[in-house]
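Engineer: Please read through the structure below; I'll follow up with questions.
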There are 2 protein chains.
Amino acid sequence: MERILITDLSEHTGKEVTIQCWVDTERNQGKMAFFDFRDRTGKVQGVVFGKPEVLEVAKTLKAEWVVAITGVVNERPENMRKADVQNGDIEIEITGIEVLNEAHALPFDLESELTIDTLLDYRPITLRREHEQAIFKVQHTIVNTFRSFLAGEGFTEFQTPKLVGGDAEGGAEVFKVEYFNDQDAFLATSPQLYKQILVGVFERVFATGTTFRAERSATSRHLSEIAMLDFEMGFIKDHTDVMDMTTKLMRAVADAVATECADELTLLEMEPAKAPEAFPVFTLREAQELILKETGVDKTNEPDLEPEDERFLCEYVNKNLDSDFVFVTHFPTSKRPFYTYIEPEDPKFTRSFDLLFRGLEMCSGSQRVHKYDDVVARLEEKGLEPEKFDYYLQAFKHGMPPHGGIGLGLERLTQKFTGVHNVKEATYFPRDINRIDTLLSKTKDNDEDKDND
Amino acid sequence: MERILITDLSEHTGKEVTIQCWVDTERNQGKMAFFDFRDRTGKVQGVVFGKPEVLEVAKTLKAEWVVAITGVVNERPENMRKADVQNGDIEIEITGIEVLNEAHALPFDLESELTIDTLLDYRPITLRREHEQAIFKVQHTIVNTFRSFLAGEGFTEFQTPKLVGGDAEGGAEVFKVEYFNDQDAFLATSPQLYKQILVGVFERVFATGTTFRAERSATSRHLSEIAMLDFEMGFIKDHTDVMDMTTKLMRAVADAVATECADELTLLEMEPAKAPEAFPVFTLREAQELILKETGVDKTNEPDLEPEDERFLCEYVNKNLDSDFVFVTHFPTSKRPFYTYIEPEDPKFTRSFDLLFRGLEMCSGSQRVHKYDDVVARLEEKGLEPEKFDYYLQAFKHGMPPHGGIGLGLERLTQKFTGVHNVKEATYFPRDINRIDTLLSKTKDNDEDKDND
């Protein structure tokens with residue numbers, strides 16, 4: 001019999017149907033057996049009574065077994081209906097059970113509170129939790145909205161290369177790959193140079209790709225593999241055009257998460273993000289003045305914001321300006337990469353910005369240097385060899401418009417929309433200094449823990 | 001003045017506007033100057049006459065300079081109109097020119113015939129060719145259709161990990177990465193194990209990610225980095241359900257390319273793909289019998305098809321069955337990975353298939369082994385250690401539906417839709433044994449060649 005999805009069952013009331021699903025829960029009550037069944041579209045209750053040969057099979061079923069259930073879709077009696085529950089007004093009276101695959105007992109109660117290590121050690125099963133599914137539904141919505149918003153603004157998607165000949169940007173720690181014939185390659189820390197090259201082709205480009213950072217820290221903020229959402233746009237007047245596009249993009253994302261993930265936000269106990277038509281903007285120095293004035297702590301000579309400054313600023317704009325987002329602009333020339341455009345009126349600072357969201361830096365962006373001679377000069381000032389950038393420089397030699405762009409970390413964005421503490425909870429299969437799926441340096445404790453399943 | 005896109009100019013006839021664009025071509029005729037200008041939306045003709053101060057600037061402009069052009073949008077005289085050309089009925093009478101960025105002369109005529117090495121050595125500028133833009137428009141359409149079709153069929157997108165702890169699948173050559181603390185990681189050759197894990201979570205998943213193959217060949221078929229389009233689906237009866245989904249997917253892609261890229265196919269001199277409602281299907285042995293009957297060459301004991309067999313089969317179905325696609329099924333158990341489901345009625349063969357398109361293998365797929373004990377047994381038969389697959393095996397221990405899926409190479413698919421000879425032409429920034437953007441082992445000739453620009 002053709003499979004019916006659980007979400008469509010109410011259209012089949014009174015008829016016999018077959019569903020294919022997992023046993024979500026089972027309650028054996030002697031002469032009767034009750035179940036919740038689960039497929040990708042939701043849950044439904046099933047019940048066996050008065051059919052000894054079916055009951056016999058039903059009593060063998062355990063949680064997570066995979067089954068094909070045939071039965072009649074019945075309306076529940078008035079007094080047994082649950083208004084707020086999917087399929088709360090129907091149940092399946094089971095007439096046949098086919099076991100498609102058995103399952104071992106789960107090593108722990110899936111819906112109990114789990115440590116981050118358990119959550120990650122058992123990812124193949126902990127991803128089945130409603131909480132985890134809600135997180136990745138939000139992530140899916142973010143990625144989809146990023147793509148559809150930018151496509152609507154005339155951006156072209158491209159595939160970013162991951163193997164690069166050198167760590168062109170400098171700065172971030174980089175992983176080395178054994179390439180061919182004793183040559184080394186490196187894993188790209190960003191698609192920066194490629195998206196600039198493609199501004200010369202398509203004007204406006206975006207990519208959703210993986211970047212790699214050899215971060216030697218195992219904090220709640222660090223990942224070795226990051227899913228980056230990048231865009232780059234040509235024919236701008238300055239960095240504020242990029243900030244305007246970023247604002248519209250983030251408003252579209254916040255709106256999509258609020259509307260398409262309303263149930264997930266409820267489950268995660270999160271409010272929709274406050275994304276006003278214009279996000280508050282401070283220069284770095286203005287932000288530091290504000291911190292001095294409000295907290296008495298003098299950071300007015302620091303070259304960057306520290307994590308506690310980011311948290312303070314976000315709390316401040318949330319309380320006083322009704323926004324979960326805030327831009328900080330004009331970071332020092334000495335702290336930003338060679339391709340960042342210098343503010344002509346104050347050359348110690350750049351036309352750069354960070355976007356903070358709920359206490360954390362989400363994205364860096366800037367206007368970029370677009371004149372060939374200026375790029376070469378900036379490379380030399382940063383101690384880099386222009387000859388190594390021959391390929392990239394072709395784009396600048398042969399007609400590059402003024403341009404700028406941003407890179408957004410998908411996992412951080414997911415983390416802050418869903419309110420999870422650790423960025424690894426917002427990553428399907430996180431990698432860090434200690435972990436590639438399994439822990440890299442297993443202690444005896446970890447091994448014993450593993451043996452319990 | 002606000003920028004107007006070239007595609008919208010005809011809405012502004014009689015008005016003064018500003019466009020921002022590249023100089024596509026310039027024809028200086030003494031007291032007049034003619035230009036074609038280009039932005040991301042198309043081209044328009046511009047003309048200067050009777051304005052000496054504008055003409056003076058106009059005469060300095062060269063191809064690929066980046067400019068802001070102010071002028072009046074005029075209808076062309078009847079006899080000067082070009083019906084088949086974008087904006088063939090209008091031109092801009094230029095009143096002002098602002099140079100946004102100058103450009104060096106191009107090192108060669110961009111629209112001339114180029115060798116593959118020149119095409120790749122100068123990628124930042126050769127990507128600006130109409131021919132190249134057409135290829136990547138087709139690629140963009142393929143990726144978009146892959147995502148939207150599968151989302152419509154209830155699939156969830158996920159982010160695939162690229163760093164893995166070992167070359168789990170075996171077989172393909174794998175790149176080694178220096179991870180942390182003297183530990184090695186590897187670059188994933190496929191998201192296979194992860195998409196199977198996620199069938200246990202979402203039933204139906206897809207990913208568009210990069211995979212890596214350390215292929216020691218520099219042919220027109222080989223790449224070190226491949227953009228893979230993967231899907232995996234649960235609750236199937238056998239591999240034919242996966243083939244049916246693949247057929248519907250490829251028909252959607254072929255249809256989207258035919259309709260959304262009609263102009264690009266014309267430019268590339270390609271016909272739309274023939275994608276009938278059901279694609280022809282042969283078992284490997286049937287295909288080999290056909291080859292024997294039609295060509296007299298006996299390959300009936302070979303474990304796989306060779307490239308010339310794939311070409312023959314595709315020509316055969318194109319001529320006789322009016323299809324550019326053909327499935328070949330039931331490859332030998334000995335040649336397929338451990339996770340491939342064995343055909344119970346003939347255990348020397350598997351429930352596997354390849355999809356061939358216009359002479360080339362596009363995709364491999366199969367039903368997968370879904371019972372825990374069977375997976376462990378298959379691993380052992382293949383000489384792999386089940387303990388190393390602990391993480392993956394969790395999904396099978398705790399309730400895995402019957403499932404299957406495919407992996408499609410985006411570059412090959414693009415190649416065959418666009419008719420380019422070399423898969424590298426269908427890759428933005430291809431990497432192979434000899435090249436990461438620039439050639440890895442530069443000969444003196446190459447260096448001299450470089451110096452010419």
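Each chain of the structure tokens is named A, B, ... in the order shown, its residues numbered from 1; ligands are numbered from 1 in display order.
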With 6 Å as the limit and counting only C-alpha atoms, what residues in chain A lie close to chain B? Please list them as an NGL selection string.

Structural biologist: :A and (40 or 64-66 or 103-104 or 124 or 128 or 176-178 or 197 or 201-202 or 395 or 397-399 or 401)

Engineer: Okay, now the selection with C-alpha atoms, as a PDB file, in the first residue's frame?

Structural biologist:
ATOM      1  CA  ARG A  40       9.790  13.551   8.908  1.00  0.00           C
ATOM      2  CA  GLU A  64      13.425   3.909  17.487  1.00  0.00           C
ATOM      3  CA  TRP A  65      12.407   0.720  15.705  1.00  0.00           C
ATOM      4  CA  VAL A  66      11.572   1.434  12.074  1.00  0.00           C
ATOM      5  CA  ALA A 103      17.025  -0.821  17.065  1.00  0.00           C
ATOM      6  CA  HIS A 104      19.159  -1.228  20.135  1.00  0.00           C
ATOM      7  CA  PRO A 124      24.023  10.641  15.050  1.00  0.00           C
ATOM      8  CA  ARG A 128      17.112  13.424  16.481  1.00  0.00           C
ATOM      9  CA  LYS A 176      48.593  22.688   5.576  1.00  0.00           C
ATOM     10  CA  VAL A 177      47.699  19.968   3.052  1.00  0.00           C
ATOM     11  CA  GLU A 178      50.143  17.534   1.463  1.00  0.00           C
ATOM     12  CA  ILE A 197      38.053  38.710  -8.577  1.00  0.00           C
ATOM     13  CA  VAL A 201      33.035  39.521 -13.721  1.00  0.00           C
ATOM     14  CA  PHE A 202      29.531  39.662 -12.234  1.00  0.00           C
ATOM     15  CA  ALA A 395      41.429  41.593 -11.789  1.00  0.00           C
ATOM     16  CA  LYS A 397      44.870  45.576 -13.675  1.00  0.00           C
ATOM     17  CA  HIS A 398      41.959  45.162 -16.022  1.00  0.00           C
ATOM     18  CA  GLY A 399      39.117  47.219 -14.655  1.00  0.00           C
ATOM     19  CA  PRO A 401      34.929  48.896  -9.823  1.00  0.00           C
TER      20      PRO A 401
END

Engineer: Would you list, as a tab-separated table (two decimals) with N, CA and C atoms, in the first residue's frame, the residues of range 120-358 of chain B that end up in helix (DSSP H, G or I) under DSSP run on this structure's backbone?

Structural biologist:
chain	number	residue	atom	x	y	z
B	120	LEU	N	42.91	29.38	-18.21
B	120	LEU	CA	43.00	29.20	-16.76
B	120	LEU	C	44.04	30.13	-16.13
B	121	ASP	N	45.13	30.38	-16.83
B	121	ASP	CA	46.15	31.29	-16.29
B	121	ASP	C	45.58	32.70	-16.08
B	123	ARG	N	42.26	33.42	-15.59
B	123	ARG	CA	40.87	33.24	-15.17
B	123	ARG	C	40.18	34.53	-14.71
B	124	PRO	N	40.88	35.39	-13.92
B	124	PRO	CA	40.19	36.60	-13.46
B	124	PRO	C	39.66	37.46	-14.61
B	125	ILE	N	40.30	37.40	-15.78
B	125	ILE	CA	39.75	38.17	-16.89
B	125	ILE	C	39.02	37.30	-17.92
B	126	THR	N	39.46	36.03	-18.10
B	126	THR	CA	38.75	35.21	-19.09
B	126	THR	C	37.33	34.86	-18.63
B	130	GLU	N	31.76	36.27	-22.72
B	130	GLU	CA	30.36	35.84	-22.78
B	130	GLU	C	30.24	34.33	-22.72
B	131	HIS	N	31.18	33.65	-23.38
B	131	HIS	CA	31.18	32.18	-23.41
B	131	HIS	C	31.29	31.62	-21.99
B	132	GLU	N	32.20	32.16	-21.21
B	132	GLU	CA	32.41	31.68	-19.84
B	132	GLU	C	31.20	32.04	-18.96
B	133	GLN	N	30.68	33.25	-19.13
B	133	GLN	CA	29.52	33.64	-18.32
B	133	GLN	C	28.33	32.74	-18.61
B	134	ALA	N	28.20	32.32	-19.88
B	134	ALA	CA	27.10	31.42	-20.24
B	134	ALA	C	27.26	30.08	-19.51
B	135	ILE	N	28.49	29.57	-19.45
B	135	ILE	CA	28.74	28.29	-18.76
B	135	ILE	C	28.30	28.38	-17.31
B	136	PHE	N	28.65	29.49	-16.64
B	136	PHE	CA	28.37	29.56	-15.21
B	136	PHE	C	26.93	29.97	-14.92
B	137	LYS	N	26.27	30.60	-15.89
B	137	LYS	CA	24.83	30.79	-15.76
B	137	LYS	C	24.13	29.43	-15.74
B	138	VAL	N	24.57	28.54	-16.63
B	138	VAL	CA	24.01	27.19	-16.65
B	138	VAL	C	24.29	26.48	-15.32
B	139	GLN	N	25.52	26.63	-14.81
B	139	GLN	CA	25.86	25.99	-13.54
B	139	GLN	C	24.99	26.50	-12.40
B	140	HIS	N	24.81	27.82	-12.35
B	140	HIS	CA	23.96	28.46	-11.35
B	140	HIS	C	22.54	27.87	-11.42
B	141	THR	N	22.04	27.69	-12.63
B	141	THR	CA	20.69	27.14	-12.82
B	141	THR	C	20.61	25.69	-12.34
B	142	ILE	N	21.66	24.92	-12.61
B	142	ILE	CA	21.68	23.52	-12.16
B	142	ILE	C	21.61	23.46	-10.63
B	143	VAL	N	22.46	24.24	-9.96
B	143	VAL	CA	22.52	24.19	-8.49
B	143	VAL	C	21.19	24.65	-7.89
B	144	ASN	N	20.66	25.76	-8.41
B	144	ASN	CA	19.39	26.27	-7.89
B	144	ASN	C	18.27	25.27	-8.05
B	145	THR	N	18.23	24.61	-9.21
B	145	THR	CA	17.15	23.67	-9.47
B	145	THR	C	17.30	22.43	-8.60
B	146	PHE	N	18.54	21.99	-8.43
B	146	PHE	CA	18.80	20.85	-7.53
B	146	PHE	C	18.22	21.15	-6.15
B	147	ARG	N	18.53	22.34	-5.62
B	147	ARG	CA	18.06	22.68	-4.27
B	147	ARG	C	16.54	22.83	-4.22
B	148	SER	N	15.97	23.58	-5.18
B	148	SER	CA	14.54	23.87	-5.07
B	148	SER	C	13.72	22.62	-5.34
B	149	PHE	N	14.17	21.77	-6.28
B	149	PHE	CA	13.42	20.53	-6.53
B	149	PHE	C	13.40	19.66	-5.28
B	150	LEU	N	14.56	19.47	-4.67
B	150	LEU	CA	14.63	18.56	-3.51
B	150	LEU	C	13.91	19.15	-2.29
B	151	ALA	N	14.04	20.47	-2.09
B	151	ALA	CA	13.30	21.09	-0.99
B	151	ALA	C	11.81	20.82	-1.17
B	152	GLY	N	11.34	20.91	-2.42
B	152	GLY	CA	9.93	20.65	-2.71
B	152	GLY	C	9.53	19.20	-2.46
B	192	GLN	N	29.25	10.84	2.14
B	192	GLN	CA	28.45	9.62	2.21
B	192	GLN	C	28.00	9.24	3.62
B	193	LEU	N	28.97	9.09	4.53
B	193	LEU	CA	28.62	8.58	5.86
B	193	LEU	C	27.72	9.56	6.60
B	194	TYR	N	27.95	10.86	6.39
B	194	TYR	CA	27.15	11.87	7.09
B	194	TYR	C	25.73	11.94	6.55
B	195	LYS	N	25.59	11.78	5.24
B	195	LYS	CA	24.21	11.86	4.74
B	195	LYS	C	23.43	10.63	5.16
B	196	GLN	N	24.10	9.49	5.29
B	196	GLN	CA	23.39	8.32	5.82
B	196	GLN	C	22.98	8.54	7.27
B	197	ILE	N	23.91	9.07	8.08
B	197	ILE	CA	23.59	9.39	9.48
B	197	ILE	C	22.34	10.26	9.54
B	198	LEU	N	22.24	11.22	8.63
B	198	LEU	CA	21.14	12.19	8.70
B	198	LEU	C	19.83	11.65	8.14
B	199	VAL	N	19.87	10.52	7.42
B	199	VAL	CA	18.61	9.85	7.08
B	199	VAL	C	17.92	9.42	8.36
B	200	GLY	N	18.72	9.04	9.36
B	200	GLY	CA	18.16	8.68	10.67
B	200	GLY	C	17.54	9.86	11.40
B	201	VAL	N	17.83	11.07	10.95
B	201	VAL	CA	17.32	12.28	11.61
B	201	VAL	C	16.17	12.88	10.80
B	202	PHE	N	16.43	13.15	9.51
B	202	PHE	CA	15.48	13.91	8.68
B	202	PHE	C	14.82	13.07	7.58
B	239	HIS	N	16.53	0.29	-4.83
B	239	HIS	CA	17.25	1.33	-5.57
B	239	HIS	C	16.40	2.01	-6.63
B	240	THR	N	15.32	1.35	-7.09
B	240	THR	CA	14.53	1.98	-8.16
B	240	THR	C	13.81	3.24	-7.65
B	241	ASP	N	13.49	3.29	-6.35
B	241	ASP	CA	12.91	4.53	-5.82
B	241	ASP	C	13.92	5.69	-5.94
B	242	VAL	N	15.19	5.39	-5.73
B	242	VAL	CA	16.22	6.42	-5.84
B	242	VAL	C	16.40	6.82	-7.31
B	243	MET	N	16.33	5.83	-8.19
B	243	MET	CA	16.44	6.12	-9.63
B	243	MET	C	15.25	6.98	-10.10
B	244	ASP	N	14.06	6.69	-9.57
B	244	ASP	CA	12.89	7.50	-9.93
B	244	ASP	C	13.06	8.95	-9.48
B	245	MET	N	13.56	9.13	-8.25
B	245	MET	CA	13.78	10.50	-7.76
B	245	MET	C	14.86	11.20	-8.60
B	246	THR	N	15.90	10.45	-8.95
B	246	THR	CA	16.97	11.01	-9.78
B	246	THR	C	16.45	11.42	-11.16
B	247	THR	N	15.58	10.59	-11.71
B	247	THR	CA	14.99	10.92	-13.02
B	247	THR	C	14.19	12.22	-12.93
B	248	LYS	N	13.34	12.33	-11.90
B	248	LYS	CA	12.53	13.55	-11.77
B	248	LYS	C	13.43	14.77	-11.56
B	249	LEU	N	14.48	14.57	-10.75
B	249	LEU	CA	15.43	15.67	-10.51
B	249	LEU	C	16.10	16.10	-11.82
B	250	MET	N	16.60	15.14	-12.59
B	250	MET	CA	17.33	15.49	-13.81
B	250	MET	C	16.40	16.09	-14.86
B	251	ARG	N	15.15	15.66	-14.87
B	251	ARG	CA	14.18	16.28	-15.78
B	251	ARG	C	13.92	17.74	-15.38
B	252	ALA	N	13.85	17.98	-14.08
B	252	ALA	CA	13.66	19.36	-13.61
B	252	ALA	C	14.86	20.23	-13.98
B	253	VAL	N	16.06	19.66	-13.83
B	253	VAL	CA	17.28	20.41	-14.17
B	253	VAL	C	17.33	20.67	-15.68
B	254	ALA	N	17.07	19.64	-16.48
B	254	ALA	CA	17.12	19.79	-17.94
B	254	ALA	C	16.10	20.83	-18.39
B	255	ASP	N	14.92	20.80	-17.77
B	255	ASP	CA	13.87	21.75	-18.13
B	255	ASP	C	14.27	23.18	-17.76
B	256	ALA	N	14.85	23.35	-16.57
B	256	ALA	CA	15.26	24.69	-16.12
B	256	ALA	C	16.37	25.24	-17.02
B	257	VAL	N	17.33	24.39	-17.38
B	257	VAL	CA	18.42	24.84	-18.26
B	257	VAL	C	17.84	25.24	-19.62
B	258	ALA	N	16.91	24.43	-20.14
B	258	ALA	CA	16.34	24.71	-21.47
B	258	ALA	C	15.58	26.02	-21.47
B	259	THR	N	14.85	26.30	-20.39
B	259	THR	CA	14.00	27.50	-20.40
B	259	THR	C	14.73	28.73	-19.86
B	260	GLU	N	15.45	28.60	-18.73
B	260	GLU	CA	16.09	29.77	-18.13
B	260	GLU	C	17.40	30.14	-18.82
B	262	ALA	N	18.05	29.66	-22.26
B	262	ALA	CA	17.86	29.49	-23.70
B	262	ALA	C	18.90	30.31	-24.48
B	263	ASP	N	19.12	31.55	-24.08
B	263	ASP	CA	20.10	32.39	-24.78
B	263	ASP	C	21.51	31.81	-24.64
B	264	GLU	N	21.81	31.31	-23.44
B	264	GLU	CA	23.14	30.75	-23.19
B	264	GLU	C	23.37	29.50	-24.04
B	265	LEU	N	22.35	28.65	-24.15
B	265	LEU	CA	22.49	27.45	-24.99
B	265	LEU	C	22.72	27.84	-26.44
B	266	THR	N	22.02	28.88	-26.90
B	266	THR	CA	22.24	29.35	-28.27
B	266	THR	C	23.68	29.80	-28.45
B	267	LEU	N	24.16	30.61	-27.52
B	267	LEU	CA	25.54	31.10	-27.59
B	267	LEU	C	26.53	29.93	-27.58
B	268	LEU	N	26.23	28.91	-26.78
B	268	LEU	CA	27.13	27.76	-26.66
B	268	LEU	C	26.91	26.74	-27.78
B	284	LEU	N	24.42	-3.78	-16.00
B	284	LEU	CA	25.77	-3.78	-16.56
B	284	LEU	C	25.91	-4.90	-17.59
B	285	ARG	N	25.42	-6.08	-17.23
B	285	ARG	CA	25.56	-7.23	-18.13
B	285	ARG	C	24.74	-7.03	-19.41
B	286	GLU	N	23.56	-6.45	-19.29
B	286	GLU	CA	22.75	-6.17	-20.49
B	286	GLU	C	23.46	-5.16	-21.38
B	287	ALA	N	24.05	-4.15	-20.75
B	287	ALA	CA	24.77	-3.14	-21.52
B	287	ALA	C	25.93	-3.78	-22.27
B	288	GLN	N	26.63	-4.68	-21.60
B	288	GLN	CA	27.77	-5.35	-22.23
B	288	GLN	C	27.32	-6.28	-23.36
B	289	GLU	N	26.18	-6.94	-23.18
B	289	GLU	CA	25.62	-7.78	-24.25
B	289	GLU	C	25.30	-6.92	-25.48
B	290	LEU	N	24.72	-5.75	-25.20
B	290	LEU	CA	24.37	-4.84	-26.29
B	290	LEU	C	25.62	-4.40	-27.06
B	291	ILE	N	26.67	-4.09	-26.29
B	291	ILE	CA	27.93	-3.67	-26.91
B	291	ILE	C	28.50	-4.81	-27.78
B	292	LEU	N	28.41	-6.03	-27.27
B	292	LEU	CA	28.88	-7.19	-28.02
B	292	LEU	C	28.08	-7.33	-29.32
B	293	LYS	N	26.76	-7.23	-29.20
B	293	LYS	CA	25.88	-7.42	-30.36
B	293	LYS	C	26.10	-6.31	-31.40
B	294	GLU	N	26.25	-5.08	-30.92
B	294	GLU	CA	26.30	-3.95	-31.85
B	294	GLU	C	27.70	-3.69	-32.40
B	295	THR	N	28.72	-4.01	-31.61
B	295	THR	CA	30.08	-3.65	-32.04
B	295	THR	C	30.99	-4.86	-32.20
B	307	PRO	N	35.38	4.23	-20.47
B	307	PRO	CA	34.89	5.46	-21.10
B	307	PRO	C	34.30	5.24	-22.49
B	308	GLU	N	34.93	4.39	-23.32
B	308	GLU	CA	34.38	4.20	-24.68
B	308	GLU	C	33.04	3.47	-24.64
B	309	ASP	N	32.84	2.62	-23.62
B	309	ASP	CA	31.56	1.93	-23.46
B	309	ASP	C	30.47	2.95	-23.09
B	310	GLU	N	30.82	3.88	-22.21
B	310	GLU	CA	29.85	4.90	-21.80
B	310	GLU	C	29.46	5.76	-22.99
B	311	ARG	N	30.45	6.11	-23.81
B	311	ARG	CA	30.14	6.90	-25.01
B	311	ARG	C	29.24	6.12	-25.97
B	312	PHE	N	29.58	4.84	-26.18
B	312	PHE	CA	28.77	4.03	-27.10
B	312	PHE	C	27.32	3.96	-26.62
B	313	LEU	N	27.16	3.66	-25.35
B	313	LEU	CA	25.82	3.46	-24.79
B	313	LEU	C	24.99	4.75	-24.91
B	314	CYS	N	25.64	5.87	-24.65
B	314	CYS	CA	24.93	7.15	-24.75
B	314	CYS	C	24.54	7.46	-26.19
B	315	GLU	N	25.44	7.18	-27.12
B	315	GLU	CA	25.08	7.38	-28.53
B	315	GLU	C	23.93	6.47	-28.93
B	316	TYR	N	23.97	5.25	-28.42
B	316	TYR	CA	22.92	4.27	-28.75
B	316	TYR	C	21.55	4.75	-28.27
B	317	VAL	N	21.46	5.17	-27.01
B	317	VAL	CA	20.14	5.57	-26.48
B	317	VAL	C	19.69	6.90	-27.08
B	318	ASN	N	20.65	7.74	-27.41
B	318	ASN	CA	20.28	8.99	-28.08
B	318	ASN	C	19.63	8.69	-29.43
B	319	LYS	N	20.23	7.78	-30.18
B	319	LYS	CA	19.75	7.48	-31.53
B	319	LYS	C	18.47	6.64	-31.50
B	320	ASN	N	18.45	5.65	-30.62
B	320	ASN	CA	17.36	4.67	-30.67
B	320	ASN	C	16.24	4.92	-29.67
B	321	LEU	N	16.55	5.61	-28.59
B	321	LEU	CA	15.54	5.76	-27.53
B	321	LEU	C	15.29	7.22	-27.18
B	333	THR	N	29.50	-6.63	-6.74
B	333	THR	CA	29.70	-6.43	-5.30
B	333	THR	C	31.17	-6.14	-4.98
B	334	SER	N	32.04	-6.80	-5.72
B	334	SER	CA	33.48	-6.64	-5.45
B	334	SER	C	33.97	-5.23	-5.78
B	335	LYS	N	33.25	-4.51	-6.66
B	335	LYS	CA	33.72	-3.19	-7.09
B	335	LYS	C	33.01	-2.03	-6.41

Engineer: Which distance in Å separates CA of Glu2 in chain B and CA of Lys15 in chain B, to one decimal?

Structural biologist: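 Rounded to one decimal, the two atoms are 12.9 Å apart.
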
Engineer: Please measure the separation of CA of Thr189 in chain A and CA of Lys424 in chain A, giving the value in Å to one decimal.

Structural biologist: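 Between these atoms lies a distance of 18.5 Å.
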
Engineer: When you look at Asp24 in chain A with a cut-off of 6 Å (counting only C-alpha atoms), what residues show up, excluding the ones that are within fewer than 5 positions of it in the same chain? I need them as an MDAnalysis selection string.

Structural biologist: chainID A and resid 36:38 63

Engineer: Could you write those residues out with N, CA and C atoms, as a compact mmCIF listing (two decimals), in the first residue's frame?

Structural biologist:
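part-v7.txt, freshly written:
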# COMPACT_ATOMS: atom_id res chain seq x y z
N ASP A 36 3.38 6.34 20.01
CA ASP A 36 3.51 7.51 19.15
C ASP A 36 4.45 7.12 18.03
N PHE A 37 4.03 7.40 16.82
CA PHE A 37 4.88 7.15 15.66
C PHE A 37 5.37 8.48 15.09
N ARG A 38 6.56 8.45 14.48
CA ARG A 38 7.20 9.70 14.02
C ARG A 38 7.75 9.50 12.61
N ALA A 63 11.29 1.75 21.26
CA ALA A 63 11.58 3.09 20.74
C ALA A 63 12.67 3.01 19.67

Engineer: Provide the CA of Met1 in chain A to CA of Val328 in chain B distance in Å, to one decimal place.

Structural biologist: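 We find that CA of Met1 in chain A and CA of Val328 in chain B lie 28.2 Å from each other.
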
Engineer: Give me the residues near Asp354 in chain A as a PyMOL selection string, where near means some atom within 7 Å (using only C-alpha atoms) and where sequence neighbours in that chain fewer than 6 positions away do not count.

Structural biologist: chain A and resi 327-329+361+363-365
